[in-house]
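Peer 1: The structure under discussion is supplied below as structure tokens; questions concerning it will follow.
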Amino acid sequence: MIDVRKVARAVAGAALPLLGLGLGTAASAQGTAYVSSEKDPAITLIDLATLSVKGTIPTCNRGRHIQVTTDRLIMLACSESNAADVIDPATGKSLRRIPLGDEPEAFDLSPDGKTIYVSNEDEGAVSFIDAASGKRLKSIKVGKEPEGVKVSADGKTLYVTSEAASLVHVIDIDSGTVVKNVKVGKRPRRMALTPDGKELWVTNELDASVSIIAIATHTVVGSLKLEVKGARSEDITPVGIQISRDGSRAFVALGRANHVAFIDVAQRKVTHLVLVGKRAWNVTLDKAEARLYVVNGLSDDVTVVDVAAARPIKSVPVGRVPYGLVVVE
Amino acid sequence: MKRRACSVGVALLFAALTAAGQAAVAAAPLKATLVSRQPDPRLERARLERQFLGHPGGPASEGVEVALDEGQFELQAADAAVALTKQSADSLEAARAAAQAAEKAGAAVLLTDLPAEWTLAVVDAVKLPVINIGDASDRLREQDCRARLLHTMPSERMRADALAQTLVSRKWMKVLLLVGPGAQDQSRAVTVQASLKRYGLQVVATRPFKLSADPRERDLANPLLLTAGSAYDAVWVVDSDGEFARALPYRTVLPRPVVGDAGLVALAWHAQFERYGAPQVSRRFAKATGRPMTASDWSAWLAGKALVAAAVAAPKGPAATWAQALAKTPLDGSKGVSLTFRPWDGQLRQPVLLSDGQGVVSQAPVEGVLHPSNALDTLGADAGEQKCKTTR
């Protein structure tokens, strides 16, 4: 077991060997992390080489889900502006706004980047938006408080979680109909597909668990209970999830438990727990998968985790109530 | 079955009949009947307009209906349905008769938004599970508890404990207690005393107050006189009516906060609560009803959620299975944790919000309050106190 306090002290005291280890992998990590904030109409930029804030970009209000588009632009959904802001990372300027309907929270893009699939929290709907014209192509009624949105690799199937209904809706994109509702744990939030396209992993915020859905049958084939020594089940509220490119590991932010879990995907077992900030909300790997950026909603910071060592390297203060993060290298 | 002349029945079926592409014939719906008082003195226009914190903002049926409407998708997915009937009663006897009629008509669950005595009459007249959504009195959770009676609204004791914890966390240890003249004020003051004792707070004085402009009674009515002569960190006012308490903050002799029924108030819900998806719930409620969601509305909404959860857990019933599922299925009340009914008194354990009316200042249980099994059980009567002797 790693003594995280000791690590934190070591980092605070600028222990050189440890920092050296951390920054060794950083030499290749040239680029920027973009962090959305629910309470500041700005994106905070973190320099990946120095792990310090290098600036902000003004944007729309209540920024939530943030994603890199197929043409390498930054797209951010703003719940209060009812729009997406599209930002060119080269210039740091907003190119345009795309209307996303009422209270957009999370979205995903079709593989060709032409369609935005977005959850509209208030309406209890998922909308298909034409990215070029901003026109709403379709709106499909789903359970209340839809959140996570994920498109299958072939672009044919859309998965949407409904927090209030504890369901994952399976939507056929062509016909725009819900073909199946899969009951998962309480308050499902975010999803990740395994790279082989065989499994969909769903975090259940009020169930301290991950539900695993087989894509072939759209049934729940497994569930992974998340536990943190010394924390009660009700304080483990998983939200963000990412699976490594080779499909071997999953990383899950455990919300109020203030940890991120490293999971062996094949074994469906937690291998490491890393202490991060308050209410760890979303997680993002860098390109080399050497570092994991954890966005902490209630401590207004981002914890940078060394993946190989499973240790926090640094906490970077960002905007108020940070939500999501993308890395552009 | 004949309905009493005084009751109005409106049946609403929330079912899976129109799901696109699924001509699912829903299983027999879980029938629930809400029995409300009508006319309800709490809902008189003049009272509603004042919007006293902790008082209802409108009929309880609205919260239940919003929850059932929201639950439609989940019900459809499980091929389940809930049918709600609303009955009103103008007396204890009418409430009892409405409950018996509902049971005969096939209701599986009753909801009550009634005075404590009436709810007891309802529970004792039927064999169904009853969810009390509108009465916070401790007697329903303690000496007068019933095995089939559940409560979604936090008890007076829970609210007092939440406030007492908050005072302790601020180190405001000396409390001046002002108590109103009503019978309800007296019993609530006893509860407050118990909470103050539980959390080691000191009562520097307890004084009765009275709404009056009579100069001969000014010792009882004048905030300056009532709050003079003692050193205290906070003034805790117990005023079930609300009018005196509303005018108390900023009128104390010492510059000290007022808590209790004005100033800082412990509530099940506030429309300005910002965390855990709460704004969406409040917004949906406001959209459906045209008014902000109060604590009472949350309690009614949660009862609706409990019905949906029971129907989804056992789409085909039977009634006994629903009754079990109702008591055991964890609920999502958008307060950040899964909520469950305490097995020892049927009370829904839940975080309590502390509000000044403008927003949510903090939550209880406060950080640092510990409990051997569940910190939520630091609010309200705990298992070991054995205040409810009924076996479930």
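FYI, nothing fancy with the structure tokens labels: chains A, B, ... in order, residues from 1 per chain, ligands from 1 as they appear.
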Identify every residue of chain A that has at least one atom within 10 Å of any atom of chain B, counting only C-alpha atoms, and report the result as a PyMOL selection string.
Peer 2: chain A and resi 103+121-124+141-145+162-167+169+177-183+186-187+205-207+232-237+256
Peer 1: Write out as an MDAnalysis selection string the residues lying within 7 Å of range 350-357 of chain B, counting only C-alpha atoms and excluding same-chain residues fewer than 3 positions away.
Peer 2: chainID B and resid 53 159 162 263:269 335 339 360:365 376
Peer 1: Quick one: residues within 10 Å of Lys287 in chain A, only C-alpha atoms counted, chain neighbours fewer than 5 positions away excluded, as a PDB file with C-alpha atoms, in the first residue's frame?
Peer 2:
ATOM      1  CA  SER A  28       7.599  13.694 -24.297  1.00  0.00           C
ATOM      2  CA  ALA A  29       4.359  15.246 -23.042  1.00  0.00           C
ATOM      3  CA  SER A 244      -6.641   2.348 -22.003  1.00  0.00           C
ATOM      4  CA  ARG A 245      -6.079   1.946 -25.754  1.00  0.00           C
ATOM      5  CA  LEU A 292      -3.833  10.429 -15.755  1.00  0.00           C
ATOM      6  CA  VAL A 327      -5.387  16.732 -23.664  1.00  0.00           C
ATOM      7  CA  VAL A 328      -4.001  18.083 -26.924  1.00  0.00           C
ATOM      8  CA  GLU A 329      -0.398  17.057 -27.616  1.00  0.00           C
TER       9      GLU A 329
END
Peer 1: Name the closest residue to Lys314 in chain A among the candidates A:Leu48, A:Ala216, A:Leu285, A:Ala266; distances are taken between atoms, counting only C-alpha atoms.
Peer 2: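 Checking each candidate against Lys314 in chain A, we get A:Leu48 as the closest.
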Peer 1: Write out as a PyMOL selection string all residues of range 18-189 of chain A that backbone DSSP assigns to strand (DSSP E).
Peer 2: chain A and resi 32-37+42-47+52-58+63-68+74-78+83-88+93-99+104-109+115-120+125-130+136-141+146-151+157-162+167-172+177-183+188-189
Peer 1: Next, dump the selected residues to file, keeping only C-alpha atoms, as an mmCIF file, in the first residue's frame.
Peer 2:
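This went into part-v3.cif:
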data_model
loop_
_atom_site.group_PDB
_atom_site.id
_atom_site.type_symbol
_atom_site.label_atom_id
_atom_site.label_comp_id
_atom_site.auth_asym_id
_atom_site.auth_seq_id
_atom_site.Cartn_x
_atom_site.Cartn_y
_atom_site.Cartn_z
ATOM 1 C CA THR A 32 -1.913 21.426 -23.256
ATOM 2 C CA ALA A 33 -4.741 20.190 -21.094
ATOM 3 C CA TYR A 34 -8.042 22.064 -21.456
ATOM 4 C CA VAL A 35 -10.238 22.065 -18.348
ATOM 5 C CA SER A 36 -13.907 23.056 -18.332
ATOM 6 C CA SER A 37 -15.440 24.767 -15.312
ATOM 7 C CA ALA A 42 -13.554 30.018 -19.101
ATOM 8 C CA ILE A 43 -11.395 27.057 -19.992
ATOM 9 C CA THR A 44 -8.211 26.719 -17.981
ATOM 10 C CA LEU A 45 -5.076 25.698 -19.880
ATOM 11 C CA ILE A 46 -2.471 23.524 -18.201
ATOM 12 C CA ASP A 47 0.963 23.241 -19.747
ATOM 13 C CA SER A 52 1.208 24.676 -14.413
ATOM 14 C CA VAL A 53 -1.606 26.905 -15.582
ATOM 15 C CA LYS A 54 -0.565 28.932 -18.580
ATOM 16 C CA GLY A 55 -3.765 30.787 -19.300
ATOM 17 C CA THR A 56 -7.512 30.739 -19.789
ATOM 18 C CA ILE A 57 -9.834 31.000 -22.755
ATOM 19 C CA PRO A 58 -13.169 32.790 -22.295
ATOM 20 C CA GLY A 63 -18.967 24.381 -19.250
ATOM 21 C CA ARG A 64 -19.364 20.650 -18.824
ATOM 22 C CA HIS A 65 -18.435 17.832 -21.209
ATOM 23 C CA ILE A 66 -15.380 18.629 -23.286
ATOM 24 C CA GLN A 67 -14.058 16.571 -26.206
ATOM 25 C CA VAL A 68 -11.570 16.752 -29.062
ATOM 26 C CA ILE A 74 -11.938 21.484 -28.814
ATOM 27 C CA MET A 75 -15.677 21.180 -28.335
ATOM 28 C CA LEU A 76 -17.265 22.144 -25.035
ATOM 29 C CA ALA A 77 -20.932 21.792 -24.028
ATOM 30 C CA CYS A 78 -22.253 24.684 -21.943
ATOM 31 C CA ALA A 83 -24.626 25.638 -26.871
ATOM 32 C CA ALA A 84 -21.293 24.116 -27.697
ATOM 33 C CA ASP A 85 -18.259 26.304 -28.053
ATOM 34 C CA VAL A 86 -15.759 25.213 -30.686
ATOM 35 C CA ILE A 87 -12.226 26.331 -29.991
ATOM 36 C CA ASP A 88 -9.165 26.141 -32.190
ATOM 37 C CA LYS A 93 -9.880 31.362 -30.067
ATOM 38 C CA SER A 94 -13.504 30.371 -30.278
ATOM 39 C CA LEU A 95 -14.442 29.579 -33.899
ATOM 40 C CA ARG A 96 -18.186 29.297 -33.463
ATOM 41 C CA ARG A 97 -21.053 28.285 -31.238
ATOM 42 C CA ILE A 98 -23.384 25.421 -32.030
ATOM 43 C CA PRO A 99 -26.844 25.425 -30.420
ATOM 44 C CA PRO A 104 -26.829 20.125 -22.750
ATOM 45 C CA GLU A 105 -24.570 18.111 -20.486
ATOM 46 C CA ALA A 106 -22.611 15.420 -22.280
ATOM 47 C CA PHE A 107 -22.192 14.594 -25.942
ATOM 48 C CA ASP A 108 -20.358 12.360 -28.353
ATOM 49 C CA LEU A 109 -19.592 12.724 -32.034
ATOM 50 C CA THR A 115 -23.253 14.688 -36.020
ATOM 51 C CA ILE A 116 -23.298 15.640 -32.355
ATOM 52 C CA TYR A 117 -25.309 13.418 -30.032
ATOM 53 C CA VAL A 118 -26.103 15.376 -26.912
ATOM 54 C CA SER A 119 -28.026 14.727 -23.705
ATOM 55 C CA ASN A 120 -30.502 17.460 -22.749
ATOM 56 C CA ALA A 125 -34.050 13.846 -24.348
ATOM 57 C CA VAL A 126 -31.076 13.102 -26.517
ATOM 58 C CA SER A 127 -30.681 15.304 -29.586
ATOM 59 C CA PHE A 128 -28.915 14.663 -32.883
ATOM 60 C CA ILE A 129 -27.345 17.922 -34.052
ATOM 61 C CA ASP A 130 -25.789 18.572 -37.435
ATOM 62 C CA ARG A 136 -31.422 19.691 -34.693
ATOM 63 C CA LEU A 137 -31.965 16.592 -36.809
ATOM 64 C CA LYS A 138 -33.758 14.495 -34.238
ATOM 65 C CA SER A 139 -34.778 14.471 -30.616
ATOM 66 C CA ILE A 140 -35.461 11.245 -28.796
ATOM 67 C CA LYS A 141 -37.217 11.061 -25.461
ATOM 68 C CA PRO A 146 -29.809 11.785 -19.265
ATOM 69 C CA GLU A 147 -26.091 12.115 -18.810
ATOM 70 C CA GLY A 148 -23.400 10.012 -20.449
ATOM 71 C CA VAL A 149 -23.477 9.679 -24.243
ATOM 72 C CA LYS A 150 -21.373 7.200 -26.190
ATOM 73 C CA VAL A 151 -21.343 6.228 -29.864
ATOM 74 C CA THR A 157 -25.461 2.580 -31.978
ATOM 75 C CA LEU A 158 -25.800 5.245 -29.343
ATOM 76 C CA TYR A 159 -25.689 4.601 -25.622
ATOM 77 C CA VAL A 160 -27.208 7.097 -23.215
ATOM 78 C CA THR A 161 -27.455 6.821 -19.444
ATOM 79 C CA SER A 162 -30.469 8.129 -17.565
ATOM 80 C CA LEU A 167 -31.069 2.817 -17.325
ATOM 81 C CA VAL A 168 -28.726 2.693 -20.271
ATOM 82 C CA HIS A 169 -30.770 3.392 -23.380
ATOM 83 C CA VAL A 170 -29.582 1.604 -26.498
ATOM 84 C CA ILE A 171 -30.521 3.751 -29.480
ATOM 85 C CA ASP A 172 -30.386 2.725 -33.109
ATOM 86 C CA THR A 177 -35.422 4.739 -31.789
ATOM 87 C CA VAL A 178 -34.681 3.272 -28.404
ATOM 88 C CA VAL A 179 -34.240 -0.423 -29.107
ATOM 89 C CA LYS A 180 -33.460 -1.478 -25.591
ATOM 90 C CA ASN A 181 -33.336 -0.195 -22.034
ATOM 91 C CA VAL A 182 -30.713 -1.886 -19.928
ATOM 92 C CA LYS A 183 -31.213 -1.675 -16.170
ATOM 93 C CA PRO A 188 -25.556 5.686 -13.977
ATOM 94 C CA ARG A 189 -23.222 8.431 -15.136
#
Peer 1: Find the distance between CA of Ala247 in chain B and CA of Thr227 in chain B and write it in Å to one decimal.
Peer 2: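 Value for the CA of Ala247 in chain B-CA of Thr227 in chain B distance: 13.2 Å.
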Peer 1: Have a look at A:Val316, A:Thr219, A:Val326, A:His259 and name the one nearest to Pro89 in chain A; count only C-alpha atoms.
Peer 2: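 Nearest candidate to Pro89 in chain A out of A:Val316, A:Thr219, A:Val326, A:His259: A:Val326.
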Peer 1: Using DSSP on the backbone coordinates, identify the residues of range 91-339 of chain B assigned to alpha helix (DSSP H); present them as a VMD selection string.
Peer 2: chain B and resid 92 to 104 116 to 125 156 to 170 183 to 198 218 to 221 223 to 226 243 to 246 278 to 289 295 to 313 319 to 328
Peer 1: With a distance cut-off of 10 Å and only C-alpha atoms, select the neighbouring residues of range 197-211 of chain B, excluding the residue or stretch itself and same-chain residues fewer than 5 positions from it, and output the selection as a ChimeraX atom specification.
Peer 2: /B:161,164-168,171-182,185-186,189,191-192,217-223,226-227,229-239,243-245,378
Peer 1: Near Lys269 in chain A, counting only C-alpha atoms, which residues have an atom at most 12 Å away, once you skip same-chain residues fewer than 2 positions from it, shown as a ChimeraX atom specification?
Peer 2: /A:209-210,222-227,248-252,261-267,271-273
Peer 1: Mind dumping the selected residues with C-alpha atoms as a compact mmCIF listing (two decimals), in the first residue's frame?
Peer 2:
# COMPACT_ATOMS: atom_id res chain seq x y z
CA SER A 209 -20.13 0.10 -8.81
CA VAL A 210 -19.45 -0.34 -12.50
CA GLY A 222 -20.93 -8.32 -14.76
CA SER A 223 -20.67 -5.77 -12.04
CA LEU A 224 -17.65 -4.50 -10.24
CA LYS A 225 -18.09 -3.24 -6.69
CA LEU A 226 -15.75 -0.39 -5.85
CA GLU A 227 -14.30 -0.31 -2.38
CA SER A 248 -6.22 -3.76 -20.42
CA ARG A 249 -6.91 -1.10 -17.81
CA ALA A 250 -9.79 1.10 -16.77
CA PHE A 251 -9.53 4.26 -14.69
CA VAL A 252 -12.51 5.35 -12.63
CA ALA A 261 -9.33 3.39 -9.10
CA PHE A 262 -7.09 1.55 -11.56
CA ILE A 263 -8.85 -1.56 -12.77
CA ASP A 264 -7.62 -4.68 -14.55
CA VAL A 265 -10.26 -4.99 -17.25
CA ALA A 266 -9.87 -8.72 -17.96
CA GLN A 267 -9.90 -9.64 -14.28
CA THR A 271 -5.39 -3.04 -8.78
CA HIS A 272 -4.55 0.40 -7.40
CA LEU A 273 -6.25 3.26 -5.59
Peer 1: Might you pull out every residue within 9 Å of range 301-310 of chain A, with only C-alpha atoms counted and same-chain residues fewer than 6 positions away left off, and present them as a VMD selection string?
Peer 2: chain A and resid 2 22 25 35 51 262 272 to 274 276 to 278 280 285 289 to 295 316 to 322 325
Peer 1: For the selection you just gave me, I'd like the residues written to a file as a compact mmCIF listing (two decimals), in the first residue's frame, keeping N, CA and C atoms.
Peer 2:
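The file below, result.txt, is the result:
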# COMPACT_ATOMS: atom_id res chain seq x y z
N ILE A 2 0.55 2.16 -0.83
CA ILE A 2 1.35 3.38 -0.93
C ILE A 2 0.88 4.38 0.13
N GLY A 22 8.78 11.83 -12.21
CA GLY A 22 7.55 12.33 -12.81
C GLY A 22 7.83 13.08 -14.10
N THR A 25 8.85 11.36 -17.73
CA THR A 25 7.86 11.03 -18.75
C THR A 25 7.30 12.30 -19.38
N VAL A 35 -9.35 22.46 -19.44
CA VAL A 35 -10.24 22.06 -18.35
C VAL A 35 -11.49 22.93 -18.35
N LEU A 51 3.31 21.37 -15.96
CA LEU A 51 2.15 21.10 -15.11
C LEU A 51 1.73 22.35 -14.33
N PHE A 262 -7.65 2.18 -10.37
CA PHE A 262 -7.09 1.55 -11.56
C PHE A 262 -7.65 0.13 -11.58
N HIS A 272 -5.13 -0.70 -8.17
CA HIS A 272 -4.55 0.40 -7.40
C HIS A 272 -5.62 1.43 -7.07
N LEU A 273 -5.41 2.11 -5.94
CA LEU A 273 -6.25 3.26 -5.59
C LEU A 273 -5.32 4.43 -5.35
N VAL A 274 -5.61 5.55 -5.97
CA VAL A 274 -4.73 6.71 -5.82
C VAL A 274 -5.53 7.86 -5.21
N VAL A 276 -6.66 11.45 -4.64
CA VAL A 276 -6.63 12.67 -5.45
C VAL A 276 -7.37 13.77 -4.69
N GLY A 277 -7.98 14.74 -5.39
CA GLY A 277 -8.65 15.85 -4.70
C GLY A 277 -10.07 15.50 -4.31
N LYS A 278 -10.84 16.54 -3.95
CA LYS A 278 -12.20 16.32 -3.47
C LYS A 278 -13.18 16.12 -4.62
N ALA A 280 -13.56 13.60 -6.95
CA ALA A 280 -12.93 13.29 -8.23
C ALA A 280 -14.02 12.99 -9.25
N LEU A 285 -6.58 10.29 -19.83
CA LEU A 285 -5.19 9.86 -20.02
C LEU A 285 -4.53 10.73 -21.08
N GLU A 289 -0.35 7.57 -22.31
CA GLU A 289 -0.99 6.88 -21.18
C GLU A 289 -0.03 6.74 -20.00
N ALA A 290 0.84 7.74 -19.90
CA ALA A 290 1.79 7.78 -18.80
C ALA A 290 1.21 8.57 -17.63
N ARG A 291 0.31 9.48 -17.96
CA ARG A 291 -0.29 10.30 -16.92
C ARG A 291 -1.80 10.29 -17.01
N LEU A 292 -2.39 10.35 -15.84
CA LEU A 292 -3.83 10.43 -15.76
C LEU A 292 -4.18 11.77 -15.11
N TYR A 293 -5.03 12.53 -15.78
CA TYR A 293 -5.46 13.83 -15.24
C TYR A 293 -6.83 13.63 -14.61
N VAL A 294 -6.93 13.95 -13.33
CA VAL A 294 -8.17 13.74 -12.59
C VAL A 294 -8.74 15.10 -12.21
N VAL A 295 -9.98 15.34 -12.62
CA VAL A 295 -10.61 16.63 -12.35
C VAL A 295 -11.40 16.52 -11.04
N VAL A 316 -2.98 20.78 -9.59
CA VAL A 316 -2.93 22.07 -10.28
C VAL A 316 -4.25 22.79 -10.05
N PRO A 317 -4.24 23.95 -9.39
CA PRO A 317 -5.48 24.70 -9.20
C PRO A 317 -6.02 25.21 -10.53
N VAL A 318 -7.33 25.03 -10.76
CA VAL A 318 -7.93 25.48 -12.03
C VAL A 318 -9.14 26.34 -11.72
N GLY A 319 -10.16 26.36 -12.59
CA GLY A 319 -11.33 27.21 -12.37
C GLY A 319 -12.25 26.65 -11.29
N ARG A 320 -13.35 27.36 -11.03
CA ARG A 320 -14.28 26.91 -9.99
C ARG A 320 -15.15 25.76 -10.49
N VAL A 321 -15.30 24.73 -9.66
CA VAL A 321 -16.05 23.52 -9.99
C VAL A 321 -15.66 23.00 -11.38
N PRO A 322 -14.43 22.53 -11.49
CA PRO A 322 -14.00 21.98 -12.77
C PRO A 322 -14.76 20.69 -13.08
N LEU A 325 -11.85 17.40 -18.82
CA LEU A 325 -10.51 17.78 -19.29
C LEU A 325 -10.19 17.01 -20.56
Peer 1: Just to confirm, what's the straight-line distance from CA of Thr69 in chain A to CA of Val184 in chain A in Å (one decimal)?
Peer 2: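 Here the two named atoms are 29.0 Å from each other.
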